[in-house]
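Visitor: This is the structure I want to talk about, given as structure tokens.
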Amino acid sequence: MINSEFDLRESVHHELMTIKMHKNAAERLSCDESLLAKKGKFSRADISDLISVVNESQIKKCLVVLGKNQLEQEIAELLWNDLVKVYKTADDIPEDKLQSLGWIAMGIPARDFMNLSLTDIETIAAFGQWRNFSREQLTSLKQAIDYQWSYKGPSDLSSYDLSALGHVLCAFNTTQLAAIQPIAFKEAATDISNLINCPKEVIRQLATLATSSEAFGDPSEWTAIQVALIGCVIAGLDSVQQIHAEAFEGLSASSMKCLPSHTLQAISADQLSHLSLSAVNALTPAQRSSLDLEQTKAIQGTVKTFGSVLRSGSSFVRANHWSIYAAMVVHFGWSTILLFVHQSRPRQ
């Protein structure tokens with residue numbers, strides 16, 4: 001009896017000490033703003049035990065902070081492995097944690113995607129963001145989504161589905177893409193306009209959808225608003241020179257970043273001269289070096305013109321109004337925006 005009471009006291013003492021130890025450890029493991037200052041450049045020591053059972057109460061916050069910026073592959077893999085350890089298997093990781101991964105997602109092994117819970121479309125939307133997935137990762141992710149959405153084919157995908165899929169569309173084959181409803185593409189265009197590192201055949205098929213009469217129609221009749229919505233998908237056209245030069249005012253900075261060099265080289269100097277200052281400034285050194293002398297003079301002219309207009313305080317309008325209108329189209333519809341544009345014009 002005495003021994004039993006002694007053993008019980010020892011057991012209770014041990015449990016209390018363990019709880020206290022975990023509490024003290026959790027207090028030391030903080031995912032505060034100082035980690036954000038590192039902009040994803042973490043060492044192993046920086047992330048040690050942040051994603052752990054001991055720190056379980058802060059896991060979601062830590063995922064958000066640690067996944068905010070692009071990570072080195074090794075660090076992303078370590079963080080993912082730590083998360084799997086917390087929940088024992090990838091299958092048991094809650095979807096709210098998967099939705100909070102950010103750039104940690106790039107550390108998920110391709111084989112793990114088939115084991116993830118993807119019942120919430122918000123989870124799919126989180127994975128549809130640009131995370132520099134390998135071709136193998138992206139293919140496995142698409143297979144996992146196909147399994148989850150086995151009751152619907154490409155022709156059944158709504159604009160909401162397409163918006164959520166995002167970069168996963170880069171793993172679709174041309175037959176699947178061709179089956180997408182043009183009207184669904186049109187309504188989702190602004191969310192899938194800047195797909196990065198997509199295969200040429202994918203962008204070409206998306207451009208075919210864009211030129212459908214049920215979507216945006218003939219490129220020669222596109223306006224700046226439509227170009228703003230379509231973005232990098234113009235790279236899939238047979239010729240970008242079909243587009244009126246003035247419509248290039250609609251290309252955003254983010255669209256410029258994902259345009260391949262061969263498309264930039266095909267854009268005329270007149271078209272380039274209509275780019276906004278933010279679009280010109282978004283060009284990478286590699287993109288600039290791919291331009292010929294006439295094209296280079298065109299973008300330099302834009303910089304010079306905006307440099308003088310900036311002092312008058314009116315440059316913001318041309319640099320940003322088309323992207324603003326495009327965003328409004330998504331929320332309010334074409335008729336409202338056309339009325340807004342008409343009423344915004346200066347009276348003669």
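Following the order of the structure tokens, first chain is A, next is B, and so on, with residues numbered from 1 inside each chain and ligands from 1 in the order they appear.
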Which residues in segment 159-324 of chain A does DSSP call helix (DSSP H, G or I)? List them as a ChimeraX atom specification.
Guide: /A:159-171,174-178,182-191,200-210,219-221,224-236,240-242,245-250,253-257,261-266,269-272,277-281,285-289,293-310,315-324
Visitor: Extract, using only C-alpha atoms, all DNA, RNA and protein residues at most 7 Å from segment 245-259 of chain A, discarding same-chain residues fewer than 2 positions from it, and format them as a PyMOL selection string.
Guide: chain A and resi 194+196+222-225+227-228+231-232+235+243+261+263-264+270-271+274-276+278-279+282-283+322-323
Visitor: What does the structure give for the distance between atom CA of Glu74 of chain A and atom CA of Arg44 of chain A, in Å to one decimal?
Guide: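 These atoms are spaced 9.3 Å apart.
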Visitor: Please indicate the distance in Å from atom CA of Ile121 of chain A to atom CA of Ala184 of chain A, rounded to one decimal place.
Guide: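 Here the two named atoms are 16.6 Å from each other.
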Visitor: Go through A:Leu79, A:Ser273, A:Gly217, A:Ala207 one by one, measure the shortest atom-to-atom distance of each to Ala45 of chain A using only C-alpha atoms, and give the residue with the smallest value.
Guide: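 When distances to Ala45 of chain A are compared using only C-alpha atoms, the smallest one comes from A:Leu79.
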Visitor: Determine, using only C-alpha atoms, which residues of segment 168-231 of chain A have any atom at most 9 Å from an atom of segment 134-146 of chain A, and tabulate each with its shortest atom pair and distance in Å to one decimal place, rows ordered by chain and then rising number, as CSV.
Guide:
```
residue,atom,partner,partner_atom,distance
A:Val168,CA,A:Lys142,CA,6.2
A:Leu169,CA,A:Lys142,CA,8.2
A:Cys170,CA,A:Leu138,CA,8.0
A:Ala171,CA,A:Thr139,CA,5.7
A:Phe172,CA,A:Lys142,CA,7.9
```
Visitor: Next, the residues of the selection above should be written as a short mmCIF file (atom, residue, chain, number, x, y, z; two decimals), in the first residue's frame with N, CA and C atoms.
Guide:
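Contents of out-v9.cif, as written:
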```
data_model
loop_
_atom_site.label_atom_id
_atom_site.label_comp_id
_atom_site.auth_asym_id
_atom_site.auth_seq_id
_atom_site.Cartn_x
_atom_site.Cartn_y
_atom_site.Cartn_z
N VAL A 168 -2.38 25.01 -60.55
CA VAL A 168 -2.59 23.58 -60.80
C VAL A 168 -3.02 23.37 -62.25
N LEU A 169 -3.60 24.39 -62.87
CA LEU A 169 -3.99 24.30 -64.28
C LEU A 169 -2.79 24.02 -65.18
N CYS A 170 -1.61 24.36 -64.71
CA CYS A 170 -0.39 24.12 -65.49
C CYS A 170 -0.10 22.62 -65.64
N ALA A 171 -0.77 21.79 -64.84
CA ALA A 171 -0.58 20.33 -64.92
C ALA A 171 -1.68 19.67 -65.75
N PHE A 172 -2.63 20.45 -66.26
CA PHE A 172 -3.69 19.92 -67.10
C PHE A 172 -3.14 19.62 -68.49
#
```
Visitor: Do you know which residues are at most 12 Å from Phe42 of chain A counting only C-alpha atoms, after dropping those on the same chain fewer than 4 positions away, and could you put them as a PyMOL selection string?
Guide: chain A and resi 34-38+46-48+65-76+78-79
Visitor: Once you have the residues from the selection above, write them out as a PDB file, in the first residue's frame, restricted to N, CA, C and O atoms.
Guide:
```pdb
ATOM      1  N   SER A  34       9.910  39.318 -35.387  1.00  0.00           N
ATOM      2  CA  SER A  34      11.343  39.329 -35.711  1.00  0.00           C
ATOM      3  C   SER A  34      11.673  38.284 -36.776  1.00  0.00           C
ATOM      4  O   SER A  34      12.613  38.456 -37.553  1.00  0.00           O
ATOM      5  N   LEU A  35      10.889  37.210 -36.831  1.00  0.00           N
ATOM      6  CA  LEU A  35      11.113  36.186 -37.848  1.00  0.00           C
ATOM      7  C   LEU A  35      10.759  36.700 -39.241  1.00  0.00           C
ATOM      8  O   LEU A  35      11.389  36.320 -40.236  1.00  0.00           O
ATOM      9  N   LEU A  36       9.767  37.574 -39.314  1.00  0.00           N
ATOM     10  CA  LEU A  36       9.383  38.130 -40.608  1.00  0.00           C
ATOM     11  C   LEU A  36      10.510  38.965 -41.210  1.00  0.00           C
ATOM     12  O   LEU A  36      10.657  39.043 -42.434  1.00  0.00           O
ATOM     13  N   ALA A  37      11.296  39.586 -40.347  1.00  0.00           N
ATOM     14  CA  ALA A  37      12.394  40.428 -40.823  1.00  0.00           C
ATOM     15  C   ALA A  37      13.442  39.619 -41.579  1.00  0.00           C
ATOM     16  O   ALA A  37      14.210  40.169 -42.373  1.00  0.00           O
ATOM     17  N   LYS A  38      13.480  38.314 -41.354  1.00  0.00           N
ATOM     18  CA  LYS A  38      14.452  37.461 -42.041  1.00  0.00           C
ATOM     19  C   LYS A  38      14.029  37.145 -43.474  1.00  0.00           C
ATOM     20  O   LYS A  38      14.805  36.592 -44.255  1.00  0.00           O
ATOM     21  N   ASP A  46      16.975  28.695 -36.358  1.00  0.00           N
ATOM     22  CA  ASP A  46      15.838  29.619 -36.322  1.00  0.00           C
ATOM     23  C   ASP A  46      14.504  28.883 -36.200  1.00  0.00           C
ATOM     24  O   ASP A  46      13.574  29.379 -35.558  1.00  0.00           O
ATOM     25  N   ILE A  47      14.411  27.723 -36.847  1.00  0.00           N
ATOM     26  CA  ILE A  47      13.120  27.027 -36.911  1.00  0.00           C
ATOM     27  C   ILE A  47      13.013  25.854 -35.934  1.00  0.00           C
ATOM     28  O   ILE A  47      11.963  25.215 -35.852  1.00  0.00           O
ATOM     29  N   SER A  48      14.077  25.603 -35.197  1.00  0.00           N
ATOM     30  CA  SER A  48      14.097  24.444 -34.305  1.00  0.00           C
ATOM     31  C   SER A  48      12.932  24.452 -33.310  1.00  0.00           C
ATOM     32  O   SER A  48      12.730  25.423 -32.572  1.00  0.00           O
ATOM     33  N   VAL A  65       3.738  32.736 -40.219  1.00  0.00           N
ATOM     34  CA  VAL A  65       4.951  33.557 -40.172  1.00  0.00           C
ATOM     35  C   VAL A  65       6.085  32.927 -40.978  1.00  0.00           C
ATOM     36  O   VAL A  65       6.740  33.586 -41.792  1.00  0.00           O
ATOM     37  N   LEU A  66       6.315  31.630 -40.768  1.00  0.00           N
ATOM     38  CA  LEU A  66       7.429  30.955 -41.428  1.00  0.00           C
ATOM     39  C   LEU A  66       7.189  30.771 -42.928  1.00  0.00           C
ATOM     40  O   LEU A  66       8.144  30.718 -43.704  1.00  0.00           O
ATOM     41  N   GLY A  67       5.918  30.680 -43.346  1.00  0.00           N
ATOM     42  CA  GLY A  67       5.615  30.481 -44.758  1.00  0.00           C
ATOM     43  C   GLY A  67       5.310  31.750 -45.518  1.00  0.00           C
ATOM     44  O   GLY A  67       4.913  31.705 -46.682  1.00  0.00           O
ATOM     45  N   LYS A  68       5.533  32.898 -44.885  1.00  0.00           N
ATOM     46  CA  LYS A  68       5.204  34.184 -45.504  1.00  0.00           C
ATOM     47  C   LYS A  68       6.029  34.452 -46.759  1.00  0.00           C
ATOM     48  O   LYS A  68       5.515  34.953 -47.762  1.00  0.00           O
ATOM     49  N   ASN A  69       7.315  34.154 -46.709  1.00  0.00           N
ATOM     50  CA  ASN A  69       8.215  34.421 -47.830  1.00  0.00           C
ATOM     51  C   ASN A  69       8.772  33.119 -48.406  1.00  0.00           C
ATOM     52  O   ASN A  69       8.777  32.088 -47.736  1.00  0.00           O
ATOM     53  N   GLN A  70       9.262  33.203 -49.639  1.00  0.00           N
ATOM     54  CA  GLN A  70       9.821  32.013 -50.273  1.00  0.00           C
ATOM     55  C   GLN A  70      10.996  31.480 -49.453  1.00  0.00           C
ATOM     56  O   GLN A  70      11.825  32.240 -48.952  1.00  0.00           O
ATOM     57  N   LEU A  71      11.034  30.152 -49.311  1.00  0.00           N
ATOM     58  CA  LEU A  71      12.027  29.495 -48.469  1.00  0.00           C
ATOM     59  C   LEU A  71      13.037  28.716 -49.297  1.00  0.00           C
ATOM     60  O   LEU A  71      12.783  28.379 -50.457  1.00  0.00           O
ATOM     61  N   GLU A  72      14.163  28.407 -48.677  1.00  0.00           N
ATOM     62  CA  GLU A  72      15.083  27.462 -49.286  1.00  0.00           C
ATOM     63  C   GLU A  72      14.424  26.094 -49.217  1.00  0.00           C
ATOM     64  O   GLU A  72      13.718  25.768 -48.254  1.00  0.00           O
ATOM     65  N   GLN A  73      14.650  25.269 -50.226  1.00  0.00           N
ATOM     66  CA  GLN A  73      13.993  23.971 -50.313  1.00  0.00           C
ATOM     67  C   GLN A  73      14.219  23.134 -49.061  1.00  0.00           C
ATOM     68  O   GLN A  73      13.298  22.509 -48.528  1.00  0.00           O
ATOM     69  N   GLU A  74      15.446  23.121 -48.562  1.00  0.00           N
ATOM     70  CA  GLU A  74      15.777  22.309 -47.385  1.00  0.00           C
ATOM     71  C   GLU A  74      14.977  22.728 -46.161  1.00  0.00           C
ATOM     72  O   GLU A  74      14.459  21.881 -45.416  1.00  0.00           O
ATOM     73  N   ILE A  75      14.837  24.035 -45.959  1.00  0.00           N
ATOM     74  CA  ILE A  75      14.092  24.550 -44.804  1.00  0.00           C
ATOM     75  C   ILE A  75      12.607  24.210 -44.939  1.00  0.00           C
ATOM     76  O   ILE A  75      11.954  23.804 -43.963  1.00  0.00           O
ATOM     77  N   ALA A  76      12.065  24.349 -46.138  1.00  0.00           N
ATOM     78  CA  ALA A  76      10.652  24.013 -46.362  1.00  0.00           C
ATOM     79  C   ALA A  76      10.401  22.536 -46.067  1.00  0.00           C
ATOM     80  O   ALA A  76       9.385  22.173 -45.454  1.00  0.00           O
ATOM     81  N   LEU A  78      12.156  20.582 -44.043  1.00  0.00           N
ATOM     82  CA  LEU A  78      12.283  20.357 -42.598  1.00  0.00           C
ATOM     83  C   LEU A  78      11.004  20.766 -41.866  1.00  0.00           C
ATOM     84  O   LEU A  78      10.528  20.047 -40.983  1.00  0.00           O
ATOM     85  N   LEU A  79      10.459  21.910 -42.230  1.00  0.00           N
ATOM     86  CA  LEU A  79       9.241  22.396 -41.586  1.00  0.00           C
ATOM     87  C   LEU A  79       8.060  21.468 -41.865  1.00  0.00           C
ATOM     88  O   LEU A  79       7.240  21.201 -40.984  1.00  0.00           O
TER      89      LEU A  79
END
```
Visitor: Between atom CA of Met114 of chain A and atom CA of Asn132 of chain A, what is the distance in Å, rounded to a tenth?
Guide: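 A separation of 18.6 Å between them.
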Visitor: Identify, on the basis of only C-alpha atoms, every residue whose closest approach to Asp191 of chain A does not exceed 10 Å; exclude the query and any residue fewer than 6 positions from it along the same chain; express the result as a list in words.
Guide: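 The contact residues come out as Gln129, Ser159, Tyr160, Leu162, Ser163, Ala164, Leu165, Gly166, His167, Phe185, Leu229, Ile230, Gly231 and Val330 of chain A.
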Visitor: Would you save the residues of that selection, restricted to N, CA, C and O atoms, as a tab-separated table (two decimals), in the first residue's frame?
Guide:
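Result went into out06.tsv, see below:
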```
chain	number	residue	atom	x	y	z
A	129	GLN	N	-1.83	28.59	-55.33
A	129	GLN	CA	-0.94	29.75	-55.40
A	129	GLN	C	0.43	29.33	-55.93
A	129	GLN	O	0.82	28.17	-55.86
A	159	SER	N	-16.20	28.85	-62.55
A	159	SER	CA	-15.18	29.90	-62.45
A	159	SER	C	-14.54	29.88	-61.07
A	159	SER	O	-13.34	30.15	-60.92
A	160	TYR	N	-15.33	29.55	-60.06
A	160	TYR	CA	-14.82	29.46	-58.69
A	160	TYR	C	-13.80	28.34	-58.57
A	160	TYR	O	-12.75	28.50	-57.94
A	162	LEU	N	-11.96	27.14	-61.09
A	162	LEU	CA	-10.77	27.54	-61.86
A	162	LEU	C	-9.91	28.52	-61.06
A	162	LEU	O	-8.68	28.42	-61.06
A	163	SER	N	-10.56	29.45	-60.39
A	163	SER	CA	-9.83	30.43	-59.58
A	163	SER	C	-9.06	29.73	-58.46
A	163	SER	O	-7.92	30.08	-58.15
A	164	ALA	N	-9.69	28.72	-57.86
A	164	ALA	CA	-9.03	27.97	-56.78
A	164	ALA	C	-7.87	27.15	-57.31
A	164	ALA	O	-6.81	27.09	-56.69
A	165	LEU	N	-8.03	26.53	-58.46
A	165	LEU	CA	-6.98	25.69	-59.03
A	165	LEU	C	-5.73	26.49	-59.35
A	165	LEU	O	-4.61	26.03	-59.13
A	166	GLY	N	-5.89	27.69	-59.87
A	166	GLY	CA	-4.74	28.54	-60.14
A	166	GLY	C	-3.63	27.82	-60.91
A	166	GLY	O	-3.84	27.31	-62.01
A	167	HIS	N	-2.45	27.75	-60.30
A	167	HIS	CA	-1.29	27.16	-60.97
A	167	HIS	C	-1.41	25.65	-61.20
A	167	HIS	O	-0.63	25.09	-61.96
A	185	PHE	N	-14.02	30.30	-67.87
A	185	PHE	CA	-12.68	30.89	-67.99
A	185	PHE	C	-12.77	32.41	-67.90
A	185	PHE	O	-11.97	33.05	-67.20
A	229	LEU	N	-7.39	41.81	-67.71
A	229	LEU	CA	-7.98	40.58	-67.18
A	229	LEU	C	-7.27	39.34	-67.69
A	229	LEU	O	-7.10	38.36	-66.96
A	230	ILE	N	-6.83	39.37	-68.93
A	230	ILE	CA	-6.23	38.19	-69.58
A	230	ILE	C	-4.76	38.02	-69.21
A	230	ILE	O	-4.27	36.90	-69.06
A	231	GLY	N	-4.04	39.11	-69.02
A	231	GLY	CA	-2.66	39.06	-68.54
A	231	GLY	C	-1.72	38.22	-69.40
A	231	GLY	O	-1.70	38.33	-70.63
A	330	VAL	N	-14.70	42.55	-62.13
A	330	VAL	CA	-14.92	41.26	-61.49
A	330	VAL	C	-16.04	41.35	-60.46
A	330	VAL	O	-16.86	40.45	-60.32
```
Visitor: Under the rule that only C-alpha atoms are counted, which of A:Asp161, A:Glu56, A:Asp238, A:Glu77 is the nearest residue to Glu187 of chain A?
Guide: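 Ranked by minimum distance to Glu187 of chain A, first place goes to A:Asp161.
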Visitor: Name the residues in contact with Ala210 of chain A at a cut-off of 9 Å, using only C-alpha atoms, excluding same-chain residues fewer than 6 positions from it; report them as a list in words.
Guide: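 Near neighbours after the sequence-gap exclusion: Pro182, Phe185, Lys186, Ala189, Phe216, Gly217, Asp218, Pro219, Ile230, Val233 and Ile234 of chain A.
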Visitor: Let me see the file: selected residues, all heavy atoms, as a short mmCIF file (atom, residue, chain, number, x, y, z; two decimals), in the first residue's frame.
Guide:
```cif
data_model
loop_
_atom_site.label_atom_id
_atom_site.label_comp_id
_atom_site.auth_asym_id
_atom_site.auth_seq_id
_atom_site.Cartn_x
_atom_site.Cartn_y
_atom_site.Cartn_z
N PRO A 182 -15.78 28.23 -71.87
CA PRO A 182 -15.21 29.58 -72.07
C PRO A 182 -15.78 30.62 -71.11
O PRO A 182 -15.06 31.50 -70.64
CB PRO A 182 -15.58 29.89 -73.52
CG PRO A 182 -15.66 28.56 -74.18
CD PRO A 182 -16.26 27.65 -73.14
N PHE A 185 -14.02 30.30 -67.87
CA PHE A 185 -12.68 30.89 -67.99
C PHE A 185 -12.77 32.41 -67.90
O PHE A 185 -11.97 33.05 -67.20
CB PHE A 185 -12.03 30.48 -69.32
CG PHE A 185 -10.78 31.26 -69.62
CD1 PHE A 185 -9.56 30.88 -69.07
CD2 PHE A 185 -10.83 32.42 -70.40
CE1 PHE A 185 -8.41 31.63 -69.31
CE2 PHE A 185 -9.69 33.17 -70.65
CZ PHE A 185 -8.47 32.77 -70.10
N LYS A 186 -13.71 32.99 -68.62
CA LYS A 186 -13.84 34.45 -68.64
C LYS A 186 -14.04 35.01 -67.24
O LYS A 186 -13.41 36.00 -66.85
CB LYS A 186 -15.00 34.85 -69.54
CG LYS A 186 -15.23 36.36 -69.64
CD LYS A 186 -16.39 36.68 -70.55
CE LYS A 186 -16.60 38.19 -70.67
NZ LYS A 186 -17.74 38.53 -71.57
N ALA A 189 -10.82 34.70 -65.25
CA ALA A 189 -9.62 35.16 -65.95
C ALA A 189 -8.65 35.95 -65.07
O ALA A 189 -7.44 35.72 -65.09
CB ALA A 189 -10.01 35.99 -67.17
N PHE A 216 -13.66 36.39 -74.50
CA PHE A 216 -13.27 37.76 -74.85
C PHE A 216 -13.27 38.04 -76.35
O PHE A 216 -13.09 39.18 -76.77
CB PHE A 216 -11.90 38.07 -74.25
CG PHE A 216 -11.87 38.01 -72.75
CD1 PHE A 216 -11.34 36.91 -72.09
CD2 PHE A 216 -12.40 39.03 -71.99
CE1 PHE A 216 -11.32 36.83 -70.70
CE2 PHE A 216 -12.40 38.97 -70.60
CZ PHE A 216 -11.86 37.87 -69.96
N GLY A 217 -13.44 36.98 -77.16
CA GLY A 217 -13.56 37.18 -78.60
C GLY A 217 -12.26 37.52 -79.31
O GLY A 217 -11.16 37.20 -78.83
N ASP A 218 -12.40 38.19 -80.43
CA ASP A 218 -11.28 38.53 -81.31
C ASP A 218 -10.27 39.45 -80.62
O ASP A 218 -10.63 40.54 -80.16
CB ASP A 218 -11.84 39.23 -82.56
CG ASP A 218 -10.79 39.45 -83.64
OD1 ASP A 218 -9.59 39.34 -83.34
OD2 ASP A 218 -11.19 39.75 -84.77
N PRO A 219 -8.98 39.04 -80.55
CA PRO A 219 -7.95 39.87 -79.89
C PRO A 219 -7.81 41.27 -80.50
O PRO A 219 -7.42 42.21 -79.80
CB PRO A 219 -6.67 39.06 -80.09
CG PRO A 219 -7.13 37.65 -80.24
CD PRO A 219 -8.43 37.74 -80.98
N ILE A 230 -6.83 39.37 -68.93
CA ILE A 230 -6.23 38.19 -69.58
C ILE A 230 -4.76 38.02 -69.21
O ILE A 230 -4.27 36.90 -69.06
CB ILE A 230 -6.40 38.31 -71.11
CG1 ILE A 230 -7.88 38.26 -71.47
CG2 ILE A 230 -5.65 37.19 -71.84
CD1 ILE A 230 -8.21 38.76 -72.87
N VAL A 233 -1.75 35.34 -70.41
CA VAL A 233 -2.33 34.40 -71.37
C VAL A 233 -2.17 34.91 -72.80
O VAL A 233 -2.24 34.13 -73.76
CB VAL A 233 -3.81 34.12 -71.03
CG1 VAL A 233 -4.50 33.28 -72.09
CG2 VAL A 233 -3.89 33.40 -69.68
N ILE A 234 -1.89 36.21 -72.99
CA ILE A 234 -1.65 36.73 -74.34
C ILE A 234 -0.45 36.04 -74.97
O ILE A 234 -0.31 36.03 -76.20
CB ILE A 234 -1.46 38.26 -74.36
CG1 ILE A 234 -0.15 38.67 -73.66
CG2 ILE A 234 -2.65 38.98 -73.74
CD1 ILE A 234 0.21 40.14 -73.89
#
```
Visitor: Quick one: residues within 12 Å of Gly301 of chain A, only C-alpha atoms, excluding same-chain residues fewer than 4 positions away - as a list in words?
Guide: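 Answer for this query is Ala269, Asp270, Leu272, Ser273, His274, Leu275, Ser276, Leu277, Val280, Glu294, Gln295, Thr296, Lys297, Thr305, Phe306, Gly307 and Ser308 of chain A.
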